[in-house]
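Peer 1: You'll find entry09.cif just under this line, and it carries mmCIF, C-alpha atoms.
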```
data_model
#
loop_
_atom_site.label_atom_id
_atom_site.label_comp_id
_atom_site.auth_asym_id
_atom_site.auth_seq_id
_atom_site.Cartn_x
_atom_site.Cartn_y
_atom_site.Cartn_z
CA MET A 323 44.97 -25.10 -37.68
CA ALA A 324 46.65 -21.98 -39.04
CA VAL A 325 46.38 -18.80 -37.01
CA LEU A 326 43.60 -16.56 -38.31
CA THR A 327 44.10 -12.89 -37.57
CA ARG A 328 42.21 -9.72 -38.38
CA ARG A 329 45.54 -8.51 -39.75
CA ASN A 330 45.54 -11.38 -42.24
CA PHE A 331 42.16 -10.28 -43.45
CA MET A 332 43.51 -6.80 -44.03
CA LYS A 333 46.31 -8.29 -46.14
CA ALA A 334 43.95 -10.61 -48.31
CA GLY A 335 51.10 -20.64 -11.33
CA ALA A 336 47.64 -20.25 -9.68
CA ALA A 337 45.25 -23.07 -8.87
CA THR A 338 42.39 -23.23 -11.36
CA LEU A 339 38.82 -22.38 -10.61
CA ALA A 340 37.97 -25.39 -12.71
CA SER A 341 39.41 -27.66 -10.04
CA SER A 342 37.31 -26.00 -7.36
CA PRO A 343 34.77 -28.46 -5.95
CA ILE A 344 32.28 -25.61 -5.52
CA LEU A 345 32.52 -24.41 -9.13
CA SER A 346 32.46 -27.97 -10.44
CA ALA A 347 29.33 -28.70 -8.45
CA LEU A 348 27.64 -25.53 -9.66
CA SER A 349 28.44 -26.33 -13.27
CA ALA A 350 27.26 -29.91 -12.96
CA SER A 351 24.06 -28.89 -11.25
CA GLY A 352 23.12 -26.49 -14.00
CA ALA A 353 23.67 -23.32 -11.95
CA PHE A 354 25.28 -21.82 -15.03
CA ALA A 355 22.42 -22.81 -17.32
CA ALA A 356 21.51 -20.23 -19.94
CA GLU A 357 18.60 -17.96 -19.19
CA ALA A 358 15.69 -17.82 -21.60
CA PRO A 359 16.60 -15.65 -24.59
CA ALA A 360 14.89 -12.32 -25.06
CA PRO A 361 12.11 -12.34 -27.66
CA GLY A 362 13.48 -12.05 -31.17
CA LEU A 363 17.03 -11.93 -32.40
CA SER A 364 19.58 -9.32 -31.44
CA TRP A 365 21.05 -7.38 -34.35
CA GLY A 366 24.14 -5.82 -32.88
CA LEU A 367 26.77 -3.39 -34.10
CA LEU A 368 30.16 -3.07 -32.38
CA LEU A 369 31.33 0.53 -31.93
CA HIS A 370 34.45 1.89 -30.23
CA LEU A 371 34.72 4.54 -27.54
CA GLY A 372 38.22 3.41 -26.64
CA ARG A 373 40.82 2.25 -29.16
CA ASN A 374 43.98 1.25 -27.23
CA MET A 375 43.51 -2.47 -27.70
CA TRP A 376 45.85 -3.39 -30.54
CA GLY A 377 49.24 -1.93 -29.74
CA ASP A 378 51.53 -0.86 -26.91
CA CYS A 379 54.19 1.06 -28.84
CA PRO A 380 54.56 3.42 -31.83
CA THR A 381 55.75 0.59 -34.08
CA ALA A 382 52.83 -1.73 -33.25
CA TYR A 383 50.25 -2.60 -35.89
CA THR A 384 47.84 -0.07 -34.40
CA PRO A 385 49.81 2.35 -32.18
CA PRO A 386 48.17 3.55 -28.96
CA VAL A 387 46.92 7.11 -28.53
CA ASP A 388 47.11 9.36 -25.49
CA HIS A 389 43.90 11.26 -26.19
CA PHE A 390 40.28 10.38 -26.91
CA THR A 391 39.64 10.03 -30.66
CA CYS A 392 36.00 8.90 -30.83
CA GLU A 393 34.14 11.67 -32.69
CA GLU A 394 30.84 12.37 -30.98
CA LYS A 395 29.13 13.61 -34.14
CA LEU A 396 29.90 10.35 -35.92
CA TRP A 397 28.99 8.31 -32.84
CA ASP A 398 25.58 9.98 -32.79
CA GLU A 399 25.12 9.54 -36.53
CA LEU A 400 25.92 5.83 -36.42
CA THR A 401 23.77 5.03 -33.41
CA GLU A 402 20.83 7.04 -34.72
CA LYS A 403 21.07 5.33 -38.11
CA ALA A 404 21.28 1.94 -36.41
CA GLY A 405 18.16 2.58 -34.35
CA LYS A 406 16.13 4.08 -37.20
CA SER A 407 17.15 1.20 -39.49
CA GLY A 408 15.75 -1.49 -37.21
CA LEU A 409 18.89 -2.72 -35.46
CA ASN A 410 18.43 -3.25 -31.74
CA MET A 411 21.84 -3.58 -30.06
CA ILE A 412 25.07 -1.60 -29.77
CA VAL A 413 28.09 -3.31 -28.22
CA VAL A 414 30.16 -0.48 -26.74
CA ASP A 415 33.91 -1.17 -26.74
CA LEU A 416 34.79 0.98 -23.74
CA GLY A 417 38.50 0.49 -23.16
CA GLU A 418 40.27 3.61 -21.96
CA GLY A 419 37.48 5.84 -23.26
CA VAL A 420 35.69 6.26 -19.92
CA GLN A 421 36.73 8.02 -16.70
CA TYR A 422 35.92 5.08 -14.44
CA GLU A 423 35.18 6.19 -10.91
CA SER A 424 36.79 3.08 -9.46
CA HIS A 425 39.98 3.51 -11.51
CA PRO A 426 40.19 6.98 -13.10
CA GLU A 427 43.88 6.37 -13.81
CA ILE A 428 42.92 4.19 -16.79
CA ALA A 429 41.25 6.97 -18.79
CA ILE A 430 43.08 9.01 -21.40
CA LYS A 431 42.72 12.75 -22.01
CA GLY A 432 39.22 13.63 -23.18
CA ALA A 433 37.62 10.33 -22.17
CA TRP A 434 33.90 10.46 -21.43
CA THR A 435 32.77 10.97 -17.87
CA VAL A 436 30.51 8.40 -16.29
CA LYS A 437 27.72 10.99 -16.34
CA LYS A 438 28.12 11.56 -20.07
CA LEU A 439 28.12 7.85 -20.82
CA ARG A 440 24.99 7.32 -18.72
CA GLU A 441 23.23 10.04 -20.68
CA ASP A 442 24.27 8.49 -23.96
CA LEU A 443 23.13 5.03 -22.90
CA ASP A 444 19.71 6.52 -22.16
CA ARG A 445 19.71 8.19 -25.57
CA MET A 446 20.47 4.88 -27.29
CA ARG A 447 17.73 3.08 -25.39
CA LYS A 448 15.24 5.68 -26.60
CA LEU A 449 16.35 4.80 -30.14
CA GLY A 450 15.39 1.17 -29.49
CA LEU A 451 18.98 0.05 -29.00
CA GLU A 452 20.13 -2.25 -26.22
CA PRO A 453 23.60 -1.08 -25.07
CA ILE A 454 25.97 -3.90 -24.12
CA PRO A 455 29.36 -3.20 -22.50
CA LYS A 456 32.61 -4.66 -23.80
CA LEU A 457 35.98 -4.70 -22.06
CA ASN A 458 38.54 -6.97 -23.66
CA PHE A 459 40.54 -8.90 -21.05
CA SER A 460 42.65 -10.86 -23.52
CA ALA A 461 46.35 -10.29 -22.88
CA CYS A 462 46.55 -9.40 -26.57
CA HIS A 463 43.97 -6.58 -26.36
CA ASP A 464 44.15 -5.18 -22.84
CA PHE A 465 46.51 -2.24 -23.36
CA TRP A 466 43.60 0.00 -22.36
CA LEU A 467 44.26 -1.20 -18.81
CA GLY A 468 47.48 0.80 -18.70
CA ASP A 469 49.96 -0.42 -16.08
CA TYR A 470 47.53 -3.13 -15.02
CA SER A 471 47.98 -4.86 -18.37
CA ARG A 472 51.45 -5.78 -17.12
CA MET A 473 50.13 -7.24 -13.88
CA LEU A 474 48.16 -10.19 -15.26
CA SER A 475 47.09 -12.90 -12.83
CA THR A 476 48.16 -10.98 -9.73
CA LYS A 477 46.01 -9.97 -6.75
CA THR A 478 46.08 -6.38 -7.98
CA TYR A 479 44.92 -7.43 -11.45
CA TYR A 480 42.01 -9.49 -10.17
CA LYS A 481 40.86 -6.66 -7.89
CA VAL A 482 41.04 -4.00 -10.61
CA CYS A 483 39.19 -6.18 -13.11
CA ALA A 484 36.51 -7.08 -10.57
CA ASP A 485 36.11 -3.37 -9.72
CA LEU A 486 35.66 -2.48 -13.39
CA LEU A 487 33.20 -5.29 -14.04
CA LYS A 488 31.09 -4.17 -11.09
CA GLU A 489 31.18 -0.48 -11.99
CA VAL A 490 30.40 -1.00 -15.66
CA THR A 491 27.61 -3.46 -14.92
CA GLU A 492 25.98 -0.85 -12.69
CA LEU A 493 26.69 1.92 -15.20
CA PHE A 494 24.84 -0.06 -17.88
CA ASP A 495 21.96 -0.77 -15.46
CA HIS A 496 22.73 -4.50 -15.25
CA PRO A 497 22.67 -5.45 -18.93
CA ARG A 498 21.82 -8.90 -20.25
CA PHE A 499 25.40 -9.53 -21.40
CA PHE A 500 28.92 -8.34 -20.68
CA HIS A 501 31.36 -8.89 -23.56
CA LEU A 502 34.73 -9.91 -22.14
CA GLY A 503 36.62 -10.19 -25.42
CA TYR A 504 39.20 -12.87 -24.65
CA ASP A 505 40.42 -13.44 -28.22
CA GLU A 506 43.78 -13.91 -29.93
CA GLU A 507 45.94 -14.46 -26.86
CA THR A 508 48.88 -15.98 -28.73
CA TYR A 509 52.44 -14.93 -29.48
CA GLU A 510 51.61 -14.67 -33.20
CA HIS A 511 49.06 -11.96 -32.51
CA GLN A 512 51.50 -9.98 -30.36
CA ARG A 513 54.63 -10.21 -32.47
CA THR A 514 54.71 -6.44 -33.22
CA LEU A 515 54.46 -5.49 -29.53
CA GLU A 516 57.14 -4.60 -27.03
CA TYR A 517 55.58 -6.52 -24.15
CA VAL A 518 54.24 -9.98 -24.91
CA VAL A 519 52.09 -11.95 -22.47
CA VAL A 520 50.47 -15.30 -23.21
CA ARG A 521 48.66 -17.18 -20.47
CA GLN A 522 48.47 -20.87 -21.16
CA LYS A 523 47.02 -24.12 -19.91
CA GLU A 524 45.60 -24.01 -16.38
CA LEU A 525 46.39 -20.32 -15.85
CA TRP A 526 44.41 -19.26 -18.94
CA LYS A 527 41.57 -21.45 -17.76
CA HIS A 528 41.75 -20.07 -14.23
CA ASP A 529 41.58 -16.46 -15.38
CA PHE A 530 38.83 -17.13 -17.89
CA LEU A 531 36.71 -18.75 -15.21
CA PHE A 532 37.51 -15.90 -12.82
CA PHE A 533 35.76 -13.50 -15.21
CA VAL A 534 32.87 -15.90 -15.72
CA GLU A 535 32.38 -16.19 -11.98
CA GLU A 536 32.55 -12.41 -11.49
CA CYS A 537 29.85 -11.97 -14.13
CA ASP A 538 27.77 -14.62 -12.42
CA LYS A 539 28.04 -12.75 -9.12
CA LEU A 540 26.81 -9.61 -10.85
CA GLY A 541 23.91 -11.37 -12.54
CA VAL A 542 25.10 -10.65 -16.07
CA ARG A 543 25.90 -13.26 -18.73
CA PRO A 544 29.50 -13.39 -19.95
CA TRP A 545 29.95 -13.09 -23.70
CA VAL A 546 33.26 -13.90 -25.40
CA TRP A 547 34.97 -14.33 -28.72
CA ALA A 548 35.16 -18.10 -29.15
CA ASP A 549 38.40 -18.48 -31.11
CA TYR A 550 40.25 -20.10 -28.19
CA GLY A 551 38.25 -23.19 -29.08
CA TRP A 552 39.72 -23.30 -32.61
CA ASN A 553 42.95 -24.74 -31.26
CA HIS A 554 41.76 -26.04 -27.89
CA PRO A 555 38.88 -28.50 -28.47
CA ASP A 556 38.60 -29.17 -24.72
CA PHE A 557 37.38 -25.57 -24.30
CA LEU A 558 33.88 -26.67 -25.24
CA GLU A 559 34.06 -29.44 -22.66
CA TRP A 560 34.67 -27.23 -19.62
CA ALA A 561 33.49 -23.69 -20.46
CA PRO A 562 30.21 -23.07 -18.56
CA LYS A 563 27.04 -22.92 -20.62
CA SER A 564 26.33 -19.49 -19.16
CA VAL A 565 28.94 -18.14 -21.60
CA VAL A 566 27.54 -16.69 -24.82
CA MET A 567 29.93 -17.62 -27.63
CA SER A 568 30.73 -15.49 -30.66
CA ASN A 569 32.65 -17.33 -33.30
CA TRP A 570 34.04 -14.71 -35.68
CA TYR A 571 34.82 -15.37 -39.31
CA TYR A 572 35.24 -12.69 -41.98
CA ASP A 573 35.88 -14.46 -45.27
CA LYS A 574 33.54 -15.99 -47.86
CA ASP A 575 33.94 -19.78 -47.71
CA PHE A 576 31.15 -21.08 -45.48
CA ASN A 577 31.46 -24.72 -46.46
CA PRO A 578 32.11 -26.60 -43.19
CA GLU A 579 33.95 -29.30 -45.12
CA THR A 580 36.55 -26.86 -46.44
CA CYS A 581 36.54 -24.09 -43.81
CA SER A 582 37.20 -25.03 -40.19
CA TYR A 583 36.23 -21.53 -39.02
CA ALA A 584 32.74 -21.90 -40.48
CA LYS A 585 32.53 -25.43 -39.09
CA PHE A 586 33.16 -24.08 -35.61
CA TYR A 587 29.67 -22.55 -35.62
CA LEU A 588 28.37 -26.10 -35.88
CA ASP A 589 30.74 -27.28 -33.15
CA LEU A 590 29.31 -24.64 -30.82
CA LYS A 591 25.80 -25.71 -31.68
CA LYS A 592 26.60 -29.38 -31.06
CA ALA A 593 28.16 -28.49 -27.71
CA GLY A 594 24.96 -26.68 -26.68
CA TYR A 595 26.14 -23.08 -26.38
CA ASP A 596 24.06 -20.01 -27.00
CA GLN A 597 25.82 -18.12 -29.74
CA ILE A 598 25.89 -14.83 -31.60
CA PRO A 599 27.67 -15.33 -34.93
CA THR A 600 29.90 -12.41 -35.82
CA GLY A 601 30.69 -11.13 -39.29
CA SER A 602 32.47 -8.04 -40.56
CA ASN A 603 33.01 -5.76 -43.50
CA TRP A 604 36.68 -5.62 -42.51
CA ALA A 605 37.88 -7.73 -45.43
CA ASN A 606 34.97 -7.64 -47.87
CA ASP A 607 31.38 -6.51 -48.21
CA GLU A 608 29.85 -9.97 -48.62
CA ASN A 609 30.77 -11.63 -45.35
CA PHE A 610 27.89 -10.47 -43.16
CA ASP A 611 25.28 -11.55 -45.69
CA LEU A 612 26.96 -14.95 -45.89
CA THR A 613 27.16 -15.16 -42.10
CA VAL A 614 23.43 -14.55 -41.69
CA LYS A 615 22.62 -16.93 -44.53
CA PHE A 616 24.68 -19.67 -42.84
CA GLY A 617 23.06 -18.94 -39.49
CA LYS A 618 19.56 -19.04 -40.90
CA GLU A 619 20.20 -22.36 -42.63
CA ASN A 620 22.23 -24.10 -39.92
CA LEU A 621 21.79 -22.46 -36.52
CA ASN A 622 18.22 -21.23 -36.49
CA ASP A 623 16.97 -22.48 -33.12
CA GLU A 624 16.59 -21.18 -29.57
CA LYS A 625 20.38 -21.20 -29.09
CA LEU A 626 20.84 -18.57 -31.78
CA LEU A 627 20.55 -15.29 -29.89
CA GLY A 628 21.30 -12.95 -32.75
CA TYR A 629 24.06 -11.59 -34.98
CA LEU A 630 26.85 -9.10 -34.49
CA LEU A 631 28.75 -7.06 -37.07
CA ALA A 632 32.18 -5.80 -36.06
CA PRO A 633 33.44 -3.20 -38.56
CA TRP A 634 36.85 -3.08 -36.83
CA LYS A 635 37.25 0.56 -37.66
CA PHE A 636 37.34 3.38 -35.14
CA THR A 637 34.65 6.01 -34.67
CA GLU A 638 36.58 8.60 -36.63
CA SER A 639 35.86 10.61 -39.79
CA LYS A 640 38.34 8.66 -41.90
CA ASP A 641 36.26 5.53 -41.29
CA HIS A 642 32.87 7.22 -41.76
CA ASP A 643 31.83 5.39 -44.94
CA HIS A 644 33.09 2.02 -43.74
CA ASN A 645 30.99 2.22 -40.58
CA LEU A 646 27.89 3.33 -42.48
CA ARG A 647 28.28 0.43 -44.93
CA ALA A 648 28.34 -1.93 -41.96
CA ILE A 649 24.88 -0.75 -40.90
CA ASP A 650 23.56 -0.99 -44.46
CA GLN A 651 24.83 -4.56 -44.75
CA MET A 652 23.16 -5.53 -41.48
CA VAL A 653 19.84 -4.03 -42.54
CA ALA A 654 19.99 -5.78 -45.91
CA ALA A 655 20.82 -9.19 -44.44
CA LYS A 656 18.16 -8.87 -41.76
CA ALA A 657 15.50 -8.07 -44.36
CA LYS A 658 16.70 -10.73 -46.80
CA TYR A 659 16.77 -13.68 -44.42
CA TYR A 660 14.40 -12.75 -41.60
CA GLY A 661 11.88 -10.45 -43.29
#
```
How does this structure look as structure tokens?

Peer 2:
Amino acid sequence: MAVLTRRNFMKAGAATLASSPILSALSASGAFAAEAPAPGLSWGLLLHLGRNMWGDCPTAYTPPVDHFTCEEKLWDELTEKAGKSGLNMIVVDLGEGVQYESHPEIAIKGAWTVKKLREDLDRMRKLGLEPIPKLNFSACHDFWLGDYSRMLSTKTYYKVCADLLKEVTELFDHPRFFHLGYDEETYEHQRTLEYVVVRQKELWKHDFLFFVEECDKLGVRPWVWADYGWNHPDFLEWAPKSVVMSNWYYDKDFNPETCSYAKFYLDLKKAGYDQIPTGSNWANDENFDLTVKFGKENLNDEKLLGYLLAPWKFTESKDHDHNLRAIDQMVAAKAKYYG
């Protein structure tokens, strides 16, 4: 299968947790079984507080910044429009945009304090929005971790990540889900970077299951991008059913016989995973409508937890109209297919 990247759309040695007898027994016994879904579907919009997730150098595809760029006025406008329009979830891509109390060294200049974020989470809840945290732990998108992004799979790395998971879970008042990212960890996706890290085989599996287990300890369901399964069919054989899967596909061909990315929604359904299909207005303005149409016709059972739209633009004035169109497209698709 050819590598699918968001960039393409713009252009047209550790022992594994899987081998652990304890984890194997838990998985086999159904300890990771999915909890009952909340009433109704989630209609989620992904918004960015942090943005250092796509580049580690000035010549990268999206260069990193050393100061906070999320514009509060636009953040408020988007969240208020989302709530008033009938959406009910905001996935907050935190990254380096928060002054974490456990690891303040990660934050960049101007990042929100924990107090400010708590206040904003309360504001969103009053708008009828369920805030869900997202920290991307893929080696392709973890530049927000600063120096720790170059310490993957070490004792220090595991401790820092566990600290952040715990702090953010508490900060969000123990949310239903915690989005762990975990997409695009390949050389192809990192070819413009200075520092390339790709975990493979048992190490990738070990680290993935580390995050799943940490979420389980915290009583929050792990949620991930599911693209690892595109090229690793065994992923759906061993990944615990506690994991909420988001296949992401941003083009227009939803024929499973001609588009393997669309077919993967059906593979997830067959494998028994709860899923939240993800569309975008990144490449075109038709994709989200087509995503919801496909979901309504092919995935509409108790395993379909909702839909997510990822605009893949930052919360900055230059992307104002793009982000607003994303909300309009969600509202239109929701009304068209679900009344």

Peer 1: Measuring between only C-alpha atoms, which one of A:Cys379, A:Leu416, A:Leu363, A:Leu396 shows the shortest distance to Arg513 in chain A?

Peer 2: A:Cys379

Peer 1: What's the 8 Å shell around Leu369 in chain A, counting only C-alpha atoms, without same-chain residues fewer than 3 positions away, as a list in words?

Peer 2: Ile412, Val413, Val414, Asp415, Ala632, Pro633, Phe636 and Thr637 of chain A

Peer 1: For the selection just defined, write its residues with C-alpha atoms to a file, as a PDB file, in the coordinates of the input.

Peer 2:
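The resulting file, selection.pdb, is shown below:
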```pdb
ATOM      1  CA  ILE A 412      25.070  -1.600 -29.770  1.00  0.00           C
ATOM      2  CA  VAL A 413      28.090  -3.310 -28.220  1.00  0.00           C
ATOM      3  CA  VAL A 414      30.160  -0.480 -26.740  1.00  0.00           C
ATOM      4  CA  ASP A 415      33.910  -1.170 -26.740  1.00  0.00           C
ATOM      5  CA  ALA A 632      32.180  -5.800 -36.060  1.00  0.00           C
ATOM      6  CA  PRO A 633      33.440  -3.200 -38.560  1.00  0.00           C
ATOM      7  CA  PHE A 636      37.340   3.380 -35.140  1.00  0.00           C
ATOM      8  CA  THR A 637      34.650   6.010 -34.670  1.00  0.00           C
TER       9      THR A 637
END
```

Peer 1: Which polymer residues have any atom within 9 Å of an atom of range 468-483 of chain A, counting all atoms listed in the file, with same-chain residues fewer than 5 positions away left out, as number ranges by chain?

Peer 2: A: 335-336, 418, 424-425, 427-429, 459, 461, 488, 517, 519, 521, 525, 529, 532-533

Peer 1: Just checking: using all atoms listed in the file, which residue out of A:Asp589, A:Asp388, A:Glu402, A:Glu619 ends up closest to Asp556 in chain A?

Peer 2: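 The shortest atom-to-atom distance to Asp556 in chain A comes from A:Asp589.
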
Peer 1: Name all residues at most 7 Å from Gly417 in chain A (count all atoms listed in the file; drop same-chain ones fewer than 6 positions away) and give them as a VMD selection string.

Peer 2: chain A and resid 372 to 374 457 466

Peer 1: A:Met411, A:Ala584, A:Ala548, A:Ile649: which is nearest Gly362 in chain A, counting only C-alpha atoms?

Peer 2: A:Met411

Peer 1: With only C-alpha atoms as the atoms that count, which of A:Glu441, A:Lys431, A:Leu449, A:Leu540 lies nearest to Lys403 in chain A?

Peer 2: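 Once distances to Lys403 in chain A are computed over only C-alpha atoms, the minimum belongs to A:Leu449.
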
Peer 1: Which polymer residues have any atom within 12 Å of an atom of His496 in chain A, counting all atoms listed in the file, with same-chain residues fewer than 6 positions away left out, as a ChimeraX atom specification?

Peer 2: /A:452-455,487-490,537-543

Peer 1: Just to confirm, what's the straight-line distance from CA of Tyr383 in chain A to CA of Tyr509 in chain A in Å (one decimal)?

Peer 2: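 Distance reported for this atom pair: 14.1 Å.
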
Peer 1: Pull the neighbourhood of (46.7, -1.3, -30.4) for me: all residues within 10 Å in file coordinates, counting all atoms listed in the file, as a PyMOL selection string.

Peer 2: chain A and resi 373-387+462-466+512+514-515

Peer 1: Enumerate, as an NGL selection string, the residues matched when the PyMOL selection byres ((chain A and resi 553) around 12) is run on the file above.

Peer 2: :A and (323-326 or 505-508 or 548-552 or 554-558 or 582-583 or 586)

Peer 1: Could you check how far CA of Trp604 in chain A sits from CA of Trp634 in chain A, in Å to one decimal?

Peer 2: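 According to the coordinates, CA of Trp604 in chain A and CA of Trp634 in chain A are separated by 6.2 Å.
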
Peer 1: Measuring between only C-alpha atoms, which one of A:Asn569, A:Thr491, A:Thr580, A:Ser407 shows the shortest distance to Thr613 in chain A?

Peer 2: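 The closest residue to Thr613 in chain A is A:Asn569.
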
Peer 1: Just add N, CA and C atoms to range 426-443 of chain A and send it as a PDB file, in the coordinates of the input.

Peer 2:
```pdb
ATOM      1  N   PRO A 426      40.065   5.866 -12.148  1.00  0.00           N
ATOM      2  CA  PRO A 426      40.190   6.980 -13.100  1.00  0.00           C
ATOM      3  C   PRO A 426      41.543   7.038 -13.794  1.00  0.00           C
ATOM      4  N   GLU A 427      42.544   6.359 -13.223  1.00  0.00           N
ATOM      5  CA  GLU A 427      43.880   6.370 -13.810  1.00  0.00           C
ATOM      6  C   GLU A 427      43.945   5.681 -15.164  1.00  0.00           C
ATOM      7  N   ILE A 428      42.928   4.914 -15.516  1.00  0.00           N
ATOM      8  CA  ILE A 428      42.920   4.190 -16.790  1.00  0.00           C
ATOM      9  C   ILE A 428      42.569   5.115 -17.957  1.00  0.00           C
ATOM     10  N   ALA A 429      41.754   6.113 -17.709  1.00  0.00           N
ATOM     11  CA  ALA A 429      41.250   6.970 -18.790  1.00  0.00           C
ATOM     12  C   ALA A 429      42.356   7.800 -19.422  1.00  0.00           C
ATOM     13  N   ILE A 430      42.172   8.106 -20.711  1.00  0.00           N
ATOM     14  CA  ILE A 430      43.080   9.010 -21.400  1.00  0.00           C
ATOM     15  C   ILE A 430      42.430  10.388 -21.508  1.00  0.00           C
ATOM     16  N   LYS A 431      43.199  11.366 -21.919  1.00  0.00           N
ATOM     17  CA  LYS A 431      42.720  12.750 -22.010  1.00  0.00           C
ATOM     18  C   LYS A 431      41.488  12.834 -22.914  1.00  0.00           C
ATOM     19  N   GLY A 432      40.437  13.444 -22.403  1.00  0.00           N
ATOM     20  CA  GLY A 432      39.220  13.630 -23.180  1.00  0.00           C
ATOM     21  C   GLY A 432      38.218  12.508 -23.066  1.00  0.00           C
ATOM     22  N   ALA A 433      38.545  11.462 -22.319  1.00  0.00           N
ATOM     23  CA  ALA A 433      37.620  10.330 -22.170  1.00  0.00           C
ATOM     24  C   ALA A 433      36.296  10.801 -21.571  1.00  0.00           C
ATOM     25  N   TRP A 434      35.228  10.096 -21.922  1.00  0.00           N
ATOM     26  CA  TRP A 434      33.900  10.460 -21.430  1.00  0.00           C
ATOM     27  C   TRP A 434      33.803  10.270 -19.922  1.00  0.00           C
ATOM     28  N   THR A 435      33.086  11.157 -19.288  1.00  0.00           N
ATOM     29  CA  THR A 435      32.770  10.970 -17.870  1.00  0.00           C
ATOM     30  C   THR A 435      31.690   9.901 -17.749  1.00  0.00           C
ATOM     31  N   VAL A 436      31.570   9.375 -16.551  1.00  0.00           N
ATOM     32  CA  VAL A 436      30.510   8.400 -16.290  1.00  0.00           C
ATOM     33  C   VAL A 436      29.146   9.035 -16.537  1.00  0.00           C
ATOM     34  N   LYS A 437      28.996  10.282 -16.143  1.00  0.00           N
ATOM     35  CA  LYS A 437      27.720  10.990 -16.340  1.00  0.00           C
ATOM     36  C   LYS A 437      27.384  11.083 -17.829  1.00  0.00           C
ATOM     37  N   LYS A 438      28.364  11.434 -18.633  1.00  0.00           N
ATOM     38  CA  LYS A 438      28.120  11.560 -20.070  1.00  0.00           C
ATOM     39  C   LYS A 438      27.749  10.209 -20.684  1.00  0.00           C
ATOM     40  N   LEU A 439      28.437   9.172 -20.270  1.00  0.00           N
ATOM     41  CA  LEU A 439      28.120   7.850 -20.820  1.00  0.00           C
ATOM     42  C   LEU A 439      26.717   7.424 -20.412  1.00  0.00           C
ATOM     43  N   ARG A 440      26.351   7.662 -19.163  1.00  0.00           N
ATOM     44  CA  ARG A 440      24.990   7.320 -18.720  1.00  0.00           C
ATOM     45  C   ARG A 440      23.943   8.015 -19.593  1.00  0.00           C
ATOM     46  N   GLU A 441      24.169   9.282 -19.855  1.00  0.00           N
ATOM     47  CA  GLU A 441      23.230  10.040 -20.680  1.00  0.00           C
ATOM     48  C   GLU A 441      23.150   9.461 -22.082  1.00  0.00           C
ATOM     49  N   ASP A 442      24.282   9.038 -22.609  1.00  0.00           N
ATOM     50  CA  ASP A 442      24.270   8.490 -23.960  1.00  0.00           C
ATOM     51  C   ASP A 442      23.624   7.112 -24.003  1.00  0.00           C
ATOM     52  N   LEU A 443      23.803   6.336 -22.958  1.00  0.00           N
ATOM     53  CA  LEU A 443      23.130   5.030 -22.900  1.00  0.00           C
ATOM     54  C   LEU A 443      21.617   5.220 -22.898  1.00  0.00           C
TER      55      LEU A 443
END
```
